[in-house]
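Just structure14.pdb here, PDB, C-alpha atoms:
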```pdb
ATOM      1  CA  MET U1486      74.950 111.063  17.568
ATOM      2  CA  LEU U1487      77.872 110.064  19.809
ATOM      3  CA  LYS U1488      77.533 107.838  22.879
ATOM      4  CA  SER U1489      80.346 107.179  25.365
ATOM      5  CA  TYR U1490      80.545 104.244  27.756
ATOM      6  CA  GLU U1491      82.924 103.261  30.548
ATOM      7  CA  ILE U1492      83.643  99.526  30.544
ATOM      8  CA  SER U1493      84.353  97.934  33.931
ATOM      9  CA  GLY U1494      87.350  95.632  34.063
ATOM     10  CA  THR U1495      86.237  93.706  37.096
ATOM     11  CA  ASP U1496      82.480  93.290  37.072
ATOM     12  CA  PHE U1497      81.458  90.520  34.693
ATOM     13  CA  SER U1498      77.824  90.874  35.601
ATOM     14  CA  VAL U1499      77.612  94.198  33.713
ATOM     15  CA  ALA U1500      79.597  93.054  30.664
ATOM     16  CA  GLY U1501      77.417  93.697  27.637
ATOM     17  CA  GLU U1502      75.554  96.700  29.035
ATOM     18  CA  ALA U1503      77.196  99.199  26.663
ATOM     19  CA  SER U1504      76.306  96.948  23.714
ATOM     20  CA  SER U1505      72.735  96.482  24.973
ATOM     21  CA  SER U1506      72.269 100.200  25.573
ATOM     22  CA  PHE U1507      73.554 101.153  22.100
ATOM     23  CA  LYS U1508      71.446  98.425  20.519
ATOM     24  CA  MET U1509      68.312  99.907  22.075
ATOM     25  CA  LEU U1510      69.261 103.328  20.737
ATOM     26  CA  LEU U1511      69.767 101.947  17.200
ATOM     27  CA  LYS U1512      66.366 100.241  17.339
ATOM     28  CA  LYS U1513      64.752 103.471  18.510
ATOM     29  CA  LEU U1514      66.384 105.318  15.623
ATOM     30  CA  GLY U1515      64.831 102.818  13.230
ATOM     31  CA  VAL U1516      68.101 101.330  11.980
ATOM     32  CA  LYS U1517      67.517  98.157   9.915
ATOM     33  CA  PRO U1518      67.499  94.967  12.065
ATOM     34  CA  GLU U1519      70.363  93.319  10.140
ATOM     35  CA  ILE U1520      72.554  96.371  10.735
ATOM     36  CA  VAL U1521      71.589  96.437  14.426
ATOM     37  CA  ARG U1522      72.505  92.749  14.661
ATOM     38  CA  LYS U1523      75.933  93.252  13.072
ATOM     39  CA  VAL U1524      76.777  96.196  15.330
ATOM     40  CA  SER U1525      75.495  94.372  18.430
ATOM     41  CA  ILE U1526      77.587  91.253  17.798
ATOM     42  CA  ALA U1527      80.757  93.233  17.063
ATOM     43  CA  MET U1528      80.238  95.541  20.045
ATOM     44  CA  TYR U1529      79.592  92.687  22.453
ATOM     45  CA  GLU U1530      82.741  90.863  21.376
ATOM     46  CA  ALA U1531      84.818  94.023  21.717
ATOM     47  CA  GLU U1532      83.218  94.798  25.071
ATOM     48  CA  ILE U1533      84.000  91.316  26.403
ATOM     49  CA  ASN U1534      87.589  91.624  25.162
ATOM     50  CA  THR U1535      87.878  94.970  26.950
ATOM     51  CA  VAL U1536      86.734  93.320  30.199
ATOM     52  CA  VAL U1537      88.634  90.031  29.873
ATOM     53  CA  HIS U1538      91.903  91.231  28.353
ATOM     54  CA  GLY U1539      91.980  95.006  28.679
ATOM     55  CA  GLY U1540      91.054  95.290  32.353
ATOM     56  CA  GLY U1541      88.319  97.762  31.427
ATOM     57  CA  GLY U1542      88.337 100.741  29.122
ATOM     58  CA  GLN U1543      86.235 103.159  27.149
ATOM     59  CA  CYS U1544      83.842 102.875  24.222
ATOM     60  CA  GLU U1545      82.609 105.537  21.832
ATOM     61  CA  ALA U1546      79.824 104.604  19.449
ATOM     62  CA  GLU U1547      78.569 107.008  16.829
ATOM     63  CA  VAL U1548      75.769 107.066  14.276
ATOM     64  CA  LEU U1549      77.017 108.968  11.221
ATOM     65  CA  GLY U1550      75.287 109.803   7.943
ATOM     66  CA  ASP U1551      76.182 106.610   6.117
ATOM     67  CA  CYS U1552      77.620 104.319   8.801
ATOM     68  CA  ILE U1553      77.974 103.397  12.460
ATOM     69  CA  LYS U1554      81.463 103.811  13.867
ATOM     70  CA  VAL U1555      82.546 102.231  17.158
ATOM     71  CA  VAL U1556      85.874 102.573  18.983
ATOM     72  CA  PHE U1557      86.973 100.583  22.050
ATOM     73  CA  ARG U1558      90.121 101.590  23.955
ATOM     74  CA  ASP U1559      91.849  99.909  26.865
ATOM     75  CA  GLN U1560      95.069 100.410  28.745
ATOM     76  CA  GLY U1561      95.701  96.679  29.106
ATOM     77  CA  PRO U1562      98.645  94.486  28.132
ATOM     78  CA  GLY U1563      98.208  94.880  24.359
ATOM     79  CA  ILE U1564      98.163  92.076  21.770
ATOM     80  CA  ALA U1565     101.571  90.491  21.136
ATOM     81  CA  ASN U1566     100.648  88.871  17.820
ATOM     82  CA  VAL U1567      97.624  90.392  16.056
ATOM     83  CA  GLU U1568      97.708  87.906  13.164
ATOM     84  CA  LEU U1569      97.459  85.013  15.608
ATOM     85  CA  ALA U1570      94.760  86.762  17.652
ATOM     86  CA  MET U1571      92.676  87.104  14.471
ATOM     87  CA  LYS U1572      92.697  83.309  13.938
ATOM     88  CA  GLU U1573      89.486  81.504  14.859
ATOM     89  CA  GLY U1574      90.028  79.357  17.939
ATOM     90  CA  PHE U1575      93.138  81.145  19.235
ATOM     91  CA  SER U1576      92.662  82.537  22.736
ATOM     92  CA  THR U1577      94.787  83.575  25.698
ATOM     93  CA  ALA U1578      91.794  83.605  28.067
ATOM     94  CA  SER U1579      92.211  81.877  31.425
ATOM     95  CA  GLU U1580      90.456  78.688  32.498
ATOM     96  CA  LYS U1581      88.199  80.743  34.779
ATOM     97  CA  ILE U1582      87.081  82.899  31.843
ATOM     98  CA  ARG U1583      86.464  79.813  29.703
ATOM     99  CA  GLU U1584      84.225  78.344  32.392
ATOM    100  CA  LEU U1585      81.967  81.369  31.913
ATOM    101  CA  GLY U1586      81.562  80.490  28.240
ATOM    102  CA  PHE U1587      84.092  82.966  26.873
ATOM    103  CA  GLY U1588      87.560  82.377  25.438
ATOM    104  CA  ALA U1589      86.448  80.434  22.357
ATOM    105  CA  GLY U1590      88.868  82.414  20.231
ATOM    106  CA  MET U1591      86.007  83.860  18.195
ATOM    107  CA  GLY U1592      86.000  87.448  19.461
ATOM    108  CA  LEU U1593      88.148  89.276  16.931
ATOM    109  CA  PRO U1594      87.119  86.975  14.025
ATOM    110  CA  ASN U1595      83.448  87.696  14.810
ATOM    111  CA  ILE U1596      84.130  91.447  14.823
ATOM    112  CA  LYS U1597      85.791  91.190  11.420
ATOM    113  CA  ARG U1598      83.007  88.993  10.024
ATOM    114  CA  TYR U1599      80.175  91.275  11.068
ATOM    115  CA  THR U1600      81.686  94.664  10.219
ATOM    116  CA  ASP U1601      82.666  96.387   6.977
ATOM    117  CA  GLU U1602      85.930  97.882   8.249
ATOM    118  CA  MET U1603      88.066  97.003  11.248
ATOM    119  CA  LYS U1604      91.319  98.464  12.517
ATOM    120  CA  ILE U1605      93.422  97.332  15.466
ATOM    121  CA  LYS U1606      96.079  99.533  17.048
ATOM    122  CA  THR U1607      97.951  97.829  19.827
ATOM    123  CA  GLU U1608     101.182  98.138  21.754
ATOM    124  CA  VAL U1609     102.433  95.575  24.238
ATOM    125  CA  GLY U1610     102.322  97.017  27.743
ATOM    126  CA  LYS U1611     100.307 100.074  26.693
ATOM    127  CA  GLY U1612      96.919  98.989  25.454
ATOM    128  CA  THR U1613      94.695  98.311  22.482
ATOM    129  CA  GLN U1614      92.301 100.294  20.339
ATOM    130  CA  ILE U1615      89.782  98.573  18.102
ATOM    131  CA  GLU U1616      87.765 100.603  15.638
ATOM    132  CA  PHE U1617      85.082  99.212  13.379
ATOM    133  CA  ILE U1618      82.541 100.534  10.924
ATOM    134  CA  VAL U1619      79.251  99.080   9.706
ATOM    135  CA  TYR U1620      77.689 100.819   6.703
ATOM    136  CA  LEU U1621      74.005 101.672   6.880
TER
ATOM    137  CA  MET G 452      54.606  78.219  16.279
ATOM    138  CA  LYS G 453      54.009  79.913  19.615
ATOM    139  CA  LEU G 454      56.389  79.276  22.489
ATOM    140  CA  SER G 455      53.461  78.382  24.770
ATOM    141  CA  GLN G 456      52.745  75.291  22.632
ATOM    142  CA  ILE G 457      56.333  74.061  22.995
ATOM    143  CA  VAL G 458      56.361  74.767  26.749
ATOM    144  CA  GLU G 459      53.184  72.738  27.134
ATOM    145  CA  LYS G 460      54.178  69.808  24.896
ATOM    146  CA  LEU G 461      57.615  69.387  26.504
ATOM    147  CA  ASN G 462      56.449  70.274  30.000
ATOM    148  CA  LEU G 463      59.136  72.962  30.361
ATOM    149  CA  LYS G 464      59.601  74.849  33.612
ATOM    150  CA  VAL G 465      59.222  78.623  33.213
ATOM    151  CA  VAL G 466      61.847  80.276  35.422
ATOM    152  CA  THR G 467      61.237  83.969  34.619
ATOM    153  CA  ASP G 468      58.218  86.258  34.984
ATOM    154  CA  SER G 469      57.852  87.943  31.554
ATOM    155  CA  PRO G 470      54.968  86.874  29.317
ATOM    156  CA  PHE G 471      56.224  84.165  26.974
ATOM    157  CA  GLU G 472      53.094  82.647  25.495
ATOM    158  CA  ASP G 473      52.874  84.620  22.255
ATOM    159  CA  ARG G 474      56.527  84.575  21.241
ATOM    160  CA  GLU G 475      56.924  83.071  17.776
ATOM    161  CA  ILE G 476      59.568  80.359  17.417
ATOM    162  CA  SER G 477      61.564  80.235  14.185
ATOM    163  CA  GLY G 478      63.937  77.388  15.061
ATOM    164  CA  GLY G 479      66.733  76.780  17.500
ATOM    165  CA  TYR G 480      70.414  76.939  18.272
ATOM    166  CA  VAL G 481      72.410  74.772  20.682
ATOM    167  CA  GLY G 482      75.655  75.952  22.245
ATOM    168  CA  ASP G 483      77.495  76.943  25.399
ATOM    169  CA  LEU G 484      80.300  79.068  23.951
ATOM    170  CA  LEU G 485      78.916  82.577  23.986
ATOM    171  CA  SER G 486      80.786  83.885  20.938
ATOM    172  CA  TRP G 487      79.419  81.059  18.821
ATOM    173  CA  VAL G 488      75.923  81.785  20.049
ATOM    174  CA  MET G 489      76.406  85.505  19.362
ATOM    175  CA  GLY G 490      77.443  84.800  15.812
ATOM    176  CA  LYS G 491      75.028  81.999  14.944
ATOM    177  CA  ALA G 492      71.791  82.170  16.948
ATOM    178  CA  GLU G 493      69.023  83.984  15.128
ATOM    179  CA  SER G 494      66.125  86.144  16.123
ATOM    180  CA  GLY G 495      63.196  84.008  17.291
ATOM    181  CA  ASN G 496      65.340  80.939  18.026
ATOM    182  CA  ILE G 497      65.105  78.810  21.133
ATOM    183  CA  TRP G 498      68.662  78.831  22.505
ATOM    184  CA  ILE G 499      69.436  75.535  24.249
ATOM    185  CA  THR G 500      72.400  75.575  26.646
ATOM    186  CA  ILE G 501      73.631  74.385  30.015
ATOM    187  CA  MET G 502      75.440  77.680  30.658
ATOM    188  CA  SER G 503      73.594  79.559  33.386
ATOM    189  CA  ASN G 504      75.786  82.496  34.444
ATOM    190  CA  VAL G 505      74.591  86.091  34.166
ATOM    191  CA  ASN G 506      76.221  86.654  30.764
ATOM    192  CA  ILE G 507      73.603  84.491  29.021
ATOM    193  CA  VAL G 508      71.096  87.301  29.578
ATOM    194  CA  ALA G 509      73.170  89.823  27.592
ATOM    195  CA  VAL G 510      73.730  87.299  24.793
ATOM    196  CA  ALA G 511      70.005  86.549  24.606
ATOM    197  CA  ALA G 512      69.180  90.266  24.566
ATOM    198  CA  LEU G 513      71.693  91.043  21.816
ATOM    199  CA  THR G 514      70.750  88.125  19.561
ATOM    200  CA  ASP G 515      66.965  88.579  20.036
ATOM    201  CA  VAL G 516      66.480  84.865  20.661
ATOM    202  CA  ALA G 517      62.934  84.033  21.763
ATOM    203  CA  CYS G 518      64.108  82.351  24.950
ATOM    204  CA  ILE G 519      66.925  80.532  26.735
ATOM    205  CA  LEU G 520      66.201  76.853  27.410
ATOM    206  CA  LEU G 521      68.464  75.298  30.045
ATOM    207  CA  GLY G 522      68.879  71.541  29.761
ATOM    208  CA  GLU G 523      69.993  68.878  32.276
ATOM    209  CA  GLY G 524      67.839  70.364  35.047
ATOM    210  CA  VAL G 525      69.965  73.517  35.312
ATOM    211  CA  ILE G 526      68.285  76.396  37.176
ATOM    212  CA  PRO G 527      70.067  79.773  37.191
ATOM    213  CA  GLU G 528      70.972  81.723  40.321
ATOM    214  CA  GLU G 529      68.526  84.336  41.599
ATOM    215  CA  ASP G 530      70.606  87.290  40.283
ATOM    216  CA  VAL G 531      70.445  85.845  36.763
ATOM    217  CA  ILE G 532      66.666  85.455  36.974
ATOM    218  CA  LYS G 533      66.364  89.016  38.275
ATOM    219  CA  LYS G 534      68.442  90.414  35.408
ATOM    220  CA  ALA G 535      66.473  88.372  32.870
ATOM    221  CA  ASN G 536      63.198  89.735  34.267
ATOM    222  CA  MET G 537      64.530  93.293  34.013
ATOM    223  CA  GLN G 538      65.425  92.785  30.346
ATOM    224  CA  ASP G 539      62.313  90.838  29.400
ATOM    225  CA  ILE G 540      64.310  87.676  28.664
ATOM    226  CA  ILE G 541      62.546  84.328  29.017
ATOM    227  CA  ILE G 542      64.415  81.469  30.716
ATOM    228  CA  LEU G 543      63.003  77.934  30.637
ATOM    229  CA  SER G 544      64.398  74.760  32.136
ATOM    230  CA  SER G 545      64.092  71.025  31.541
ATOM    231  CA  ASP G 546      65.639  67.842  32.942
ATOM    232  CA  LYS G 547      66.209  66.577  29.394
ATOM    233  CA  THR G 548      69.581  66.751  27.610
ATOM    234  CA  ALA G 549      70.321  69.275  24.863
ATOM    235  CA  PHE G 550      70.103  66.413  22.355
ATOM    236  CA  GLU G 551      66.691  65.287  23.538
ATOM    237  CA  LEU G 552      65.373  68.841  23.596
ATOM    238  CA  SER G 553      66.687  69.615  20.087
ATOM    239  CA  ASN G 554      65.202  66.437  18.726
ATOM    240  CA  GLN G 555      61.809  66.986  20.286
ATOM    241  CA  ILE G 556      61.586  70.675  19.393
ATOM    242  CA  GLY G 557      62.700  69.856  15.857
ATOM    243  CA  ASN G 558      59.870  67.316  15.606
ATOM    244  CA  ILE G 559      57.303  69.778  16.932
ATOM    245  CA  LEU G 560      58.455  72.458  14.486
ATOM    246  CA  LYS G 561      58.701  69.834  11.693
ATOM    247  CA  LEU G 562      62.236  70.964  10.875
TER
END
```

Translate the structure of the given file into structure tokens.
Amino acid sequence: MLKSYEISGTDFSVAGEASSSFKMLLKKLGVKPEIVRKVSIAMYEAEINTVVHGGGGQCEAEVLGDCIKVVFRDQGPGIANVELAMKEGFSTASEKIRELGFGAGMGLPNIKRYTDEMKIKTEVGKGTQIEFIVYL
Amino acid sequence: MKLSQIVEKLNLKVVTDSPFEDREISGGYVGDLLSWVMGKAESGNIWITIMSNVNIVAVAALTDVACILLGEGVIPEEDVIKKANMQDIIILSSDKTAFELSNQIGNILKL
């Protein structure tokens, strides 16, 4: 079952709605709570990154036979140094974003921690794609 | 322990409309940085924070915390309350600090 979501790059008040909507679907499908939790955390972090850094983008989330696969794409500035971005505490978020409680530098590390596979494709000036898988 | 007992003992202000009385409390988490809360708060926790923007509702919904407890007398804006009501999220408020609230809730729960 494939679900597609458009992620707004400007409206912070709706950030998290794709994650919330997919979470409800997983619960309805009877997916185990610990799996739902892992997917929800990873999706929310990726969704916030898409808003904060990517200027909006697209998300495709899919329930497959043995796993849940989620892909986020944006056409934002890309990540200059992925290794650094993966370090806990490193963030390029603005002061304004930090005042909202984001920008702790835990986004990508949280995605890695709560998923079984994670791939980042990024090009400076072109955008970023993050794909992750959680096994059922 | 039921949330209603904690609300009564600590005289907490209930900001939202959803029924809260029967929610079971498993413990708590304190934090204002949303990614930390996402990663650490557990289902059934009382989440104590002073952060009151609209994003706390999504974090509460995704982590399945029992409620958000705002310390230091913080009351969220009307749009936050409205969104919380739509998603069945409970928001409480108290004039006490996060430290005082943690300590007192910990004592009530005998943690």

Residues of chain U within 7 Å of chain G: nearest atom pair and distance (Å, one decimal) for each, counting only C-alpha atoms, sorted by chain and number, as a Markdown table?
```
| residue | atom | partner | partner_atom | distance |
| --- | --- | --- | --- | --- |
| U:Ser1498 | CA | G:Val505 | CA | 5.9 |
| U:Gly1501 | CA | G:Ala509 | CA | 5.7 |
| U:Ser1505 | CA | G:Leu513 | CA | 6.4 |
| U:Arg1522 | CA | G:Thr514 | CA | 7.0 |
| U:Ser1525 | CA | G:Leu513 | CA | 6.1 |
| U:Ile1526 | CA | G:Met489 | CA | 6.1 |
| U:Leu1585 | CA | G:Asn504 | CA | 6.8 |
| U:Gly1586 | CA | G:Leu484 | CA | 4.7 |
| U:Phe1587 | CA | G:Leu485 | CA | 5.9 |
| U:Ala1589 | CA | G:Leu484 | CA | 6.5 |
| U:Met1591 | CA | G:Ser486 | CA | 5.9 |
| U:Gly1592 | CA | G:Ser486 | CA | 6.5 |
| U:Asn1595 | CA | G:Gly490 | CA | 6.7 |
```

(request) Could you tell me which residues the PyMOL selection byres ((chain U and resi 1566) around 12) returns for this structure, as a PyMOL selection string? (result) chain U and resi 1562-1565+1567-1572+1575-1577+1605-1609

(request) For the file shown, report as a PyMOL selection string the outcome of the PyMOL selection byres ((chain U and resi 1540-1542) around 12) at residue level. (result) chain U and resi 1489-1497+1499-1500+1503+1531-1539+1543-1545+1556-1563+1611-1615

(request) Please measure the separation of CA of Gly557 in chain G and CA of Asp539 in chain G, giving the value in Å to one decimal. (result) 25.0 Å

(request) Take CA of Met1603 in chain U and CA of Val481 in chain G and report the distance between them in Å, one decimal. (result)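 Going from CA of Met1603 in chain U over to CA of Val481 in chain G covers 28.8 Å.
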
(request) Take CA of Lys453 in chain G and CA of Gly495 in chain G and report the distance between them in Å, one decimal. (result)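 Distance between the two atoms: 10.3 Å.
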
(message) Evaluate the PyMOL selection byres ((chain G and resi 469) around 9) against this structure - the residues, as a ChimeraX atom specification, please.
(response) /G:467-468,470-471,535-537,539-541

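Of the listed residues (G:Ser544, G:Ala517, G:Gly479, G:Val466), G:Val466 comes nearest to Glu529 in chain G; the distances count only C-alpha atoms.
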
To box range 541-555 of chain G, take all atoms listed in the file, fit an axis-aligned box, add 6 Å on each side, and give centre and edge lengths in Å to one decimal, as AutoDock Vina command-line options.
```
--center_x 66.1 --center_y 74.8 --center_z 25.8 --size_x 20.5 --size_y 31.0 --size_z 26.2
```

(request) Choose the residue, out of G:Ile542, G:Ile499, G:Ala492, G:Leu454, that has the smallest atom-to-atom separation from Arg474 in chain G; count only C-alpha atoms. (result)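 Smallest separation from Arg474 in chain G among the options: G:Leu454.
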
(message) as a ChimeraX atom specification, please: the residues near Asp546 in chain G (cut-off 10 Å, all atoms listed in the file, same-chain neighbours under 6 positions excluded).
(response) /G:462-464,521-526,552

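With all atoms listed in the file as the atoms that count, the minimum distance from Glu1547 in chain U to the choices U:Glu1616, U:Asp1601, U:Glu1573, U:Glu1519 is reached by U:Glu1616.
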
Restore N, CA and C atoms in range 452-475 of chain G and list the result as a PDB file, in the coordinates of the input.
```pdb
ATOM      1  N   MET G 452      55.255  78.814  15.112  1.00  0.00           N
ATOM      2  CA  MET G 452      54.606  78.219  16.279  1.00  0.00           C
ATOM      3  C   MET G 452      54.875  79.059  17.527  1.00  0.00           C
ATOM      4  N   LYS G 453      53.877  79.117  18.385  1.00  0.00           N
ATOM      5  CA  LYS G 453      54.009  79.913  19.615  1.00  0.00           C
ATOM      6  C   LYS G 453      54.811  79.138  20.668  1.00  0.00           C
ATOM      7  N   LEU G 454      55.569  79.893  21.446  1.00  0.00           N
ATOM      8  CA  LEU G 454      56.389  79.276  22.489  1.00  0.00           C
ATOM      9  C   LEU G 454      55.532  78.512  23.498  1.00  0.00           C
ATOM     10  N   SER G 455      54.330  79.034  23.773  1.00  0.00           N
ATOM     11  CA  SER G 455      53.461  78.382  24.770  1.00  0.00           C
ATOM     12  C   SER G 455      53.166  76.925  24.386  1.00  0.00           C
ATOM     13  N   GLN G 456      53.038  76.653  23.069  1.00  0.00           N
ATOM     14  CA  GLN G 456      52.745  75.291  22.632  1.00  0.00           C
ATOM     15  C   GLN G 456      53.917  74.355  22.934  1.00  0.00           C
ATOM     16  N   ILE G 457      55.142  74.881  22.737  1.00  0.00           N
ATOM     17  CA  ILE G 457      56.333  74.061  22.995  1.00  0.00           C
ATOM     18  C   ILE G 457      56.499  73.837  24.505  1.00  0.00           C
ATOM     19  N   VAL G 458      56.259  74.881  25.284  1.00  0.00           N
ATOM     20  CA  VAL G 458      56.361  74.767  26.749  1.00  0.00           C
ATOM     21  C   VAL G 458      55.396  73.687  27.248  1.00  0.00           C
ATOM     22  N   GLU G 459      54.196  73.703  26.694  1.00  0.00           N
ATOM     23  CA  GLU G 459      53.184  72.738  27.134  1.00  0.00           C
ATOM     24  C   GLU G 459      53.536  71.304  26.687  1.00  0.00           C
ATOM     25  N   LYS G 460      53.909  71.161  25.418  1.00  0.00           N
ATOM     26  CA  LYS G 460      54.178  69.808  24.896  1.00  0.00           C
ATOM     27  C   LYS G 460      55.383  69.166  25.569  1.00  0.00           C
ATOM     28  N   LEU G 461      56.405  69.954  25.894  1.00  0.00           N
ATOM     29  CA  LEU G 461      57.615  69.387  26.504  1.00  0.00           C
ATOM     30  C   LEU G 461      57.627  69.543  28.022  1.00  0.00           C
ATOM     31  N   ASN G 462      56.547  70.088  28.549  1.00  0.00           N
ATOM     32  CA  ASN G 462      56.449  70.274  30.000  1.00  0.00           C
ATOM     33  C   ASN G 462      57.662  71.037  30.551  1.00  0.00           C
ATOM     34  N   LEU G 463      57.961  72.177  29.951  1.00  0.00           N
ATOM     35  CA  LEU G 463      59.136  72.962  30.361  1.00  0.00           C
ATOM     36  C   LEU G 463      58.797  73.825  31.570  1.00  0.00           C
ATOM     37  N   LYS G 464      59.794  73.990  32.427  1.00  0.00           N
ATOM     38  CA  LYS G 464      59.601  74.849  33.612  1.00  0.00           C
ATOM     39  C   LYS G 464      59.907  76.292  33.210  1.00  0.00           C
ATOM     40  N   VAL G 465      59.004  77.206  33.527  1.00  0.00           N
ATOM     41  CA  VAL G 465      59.222  78.623  33.213  1.00  0.00           C
ATOM     42  C   VAL G 465      59.841  79.291  34.441  1.00  0.00           C
ATOM     43  N   VAL G 466      61.084  79.771  34.285  1.00  0.00           N
ATOM     44  CA  VAL G 466      61.847  80.276  35.422  1.00  0.00           C
ATOM     45  C   VAL G 466      61.629  81.776  35.639  1.00  0.00           C
ATOM     46  N   THR G 467      61.336  82.505  34.548  1.00  0.00           N
ATOM     47  CA  THR G 467      61.237  83.969  34.619  1.00  0.00           C
ATOM     48  C   THR G 467      59.772  84.419  34.618  1.00  0.00           C
ATOM     49  N   ASP G 468      59.576  85.728  34.810  1.00  0.00           N
ATOM     50  CA  ASP G 468      58.218  86.258  34.984  1.00  0.00           C
ATOM     51  C   ASP G 468      57.586  86.858  33.719  1.00  0.00           C
ATOM     52  N   SER G 469      58.401  87.227  32.722  1.00  0.00           N
ATOM     53  CA  SER G 469      57.852  87.943  31.554  1.00  0.00           C
ATOM     54  C   SER G 469      56.890  87.061  30.765  1.00  0.00           C
ATOM     55  N   PRO G 470      55.897  87.666  30.133  1.00  0.00           N
ATOM     56  CA  PRO G 470      54.968  86.874  29.317  1.00  0.00           C
ATOM     57  C   PRO G 470      55.699  86.208  28.152  1.00  0.00           C
ATOM     58  N   PHE G 471      55.492  84.913  28.002  1.00  0.00           N
ATOM     59  CA  PHE G 471      56.224  84.165  26.974  1.00  0.00           C
ATOM     60  C   PHE G 471      55.299  83.563  25.929  1.00  0.00           C
ATOM     61  N   GLU G 472      54.024  83.476  26.267  1.00  0.00           N
ATOM     62  CA  GLU G 472      53.094  82.647  25.495  1.00  0.00           C
ATOM     63  C   GLU G 472      53.068  82.956  24.005  1.00  0.00           C
ATOM     64  N   ASP G 473      53.088  84.247  23.658  1.00  0.00           N
ATOM     65  CA  ASP G 473      52.874  84.620  22.255  1.00  0.00           C
ATOM     66  C   ASP G 473      54.153  84.739  21.435  1.00  0.00           C
ATOM     67  N   ARG G 474      55.292  84.442  22.026  1.00  0.00           N
ATOM     68  CA  ARG G 474      56.527  84.575  21.241  1.00  0.00           C
ATOM     69  C   ARG G 474      56.560  83.525  20.133  1.00  0.00           C
ATOM     70  N   GLU G 475      56.872  83.979  18.935  1.00  0.00           N
ATOM     71  CA  GLU G 475      56.924  83.071  17.776  1.00  0.00           C
ATOM     72  C   GLU G 475      58.296  82.405  17.712  1.00  0.00           C
TER      73      GLU G 475
END
```
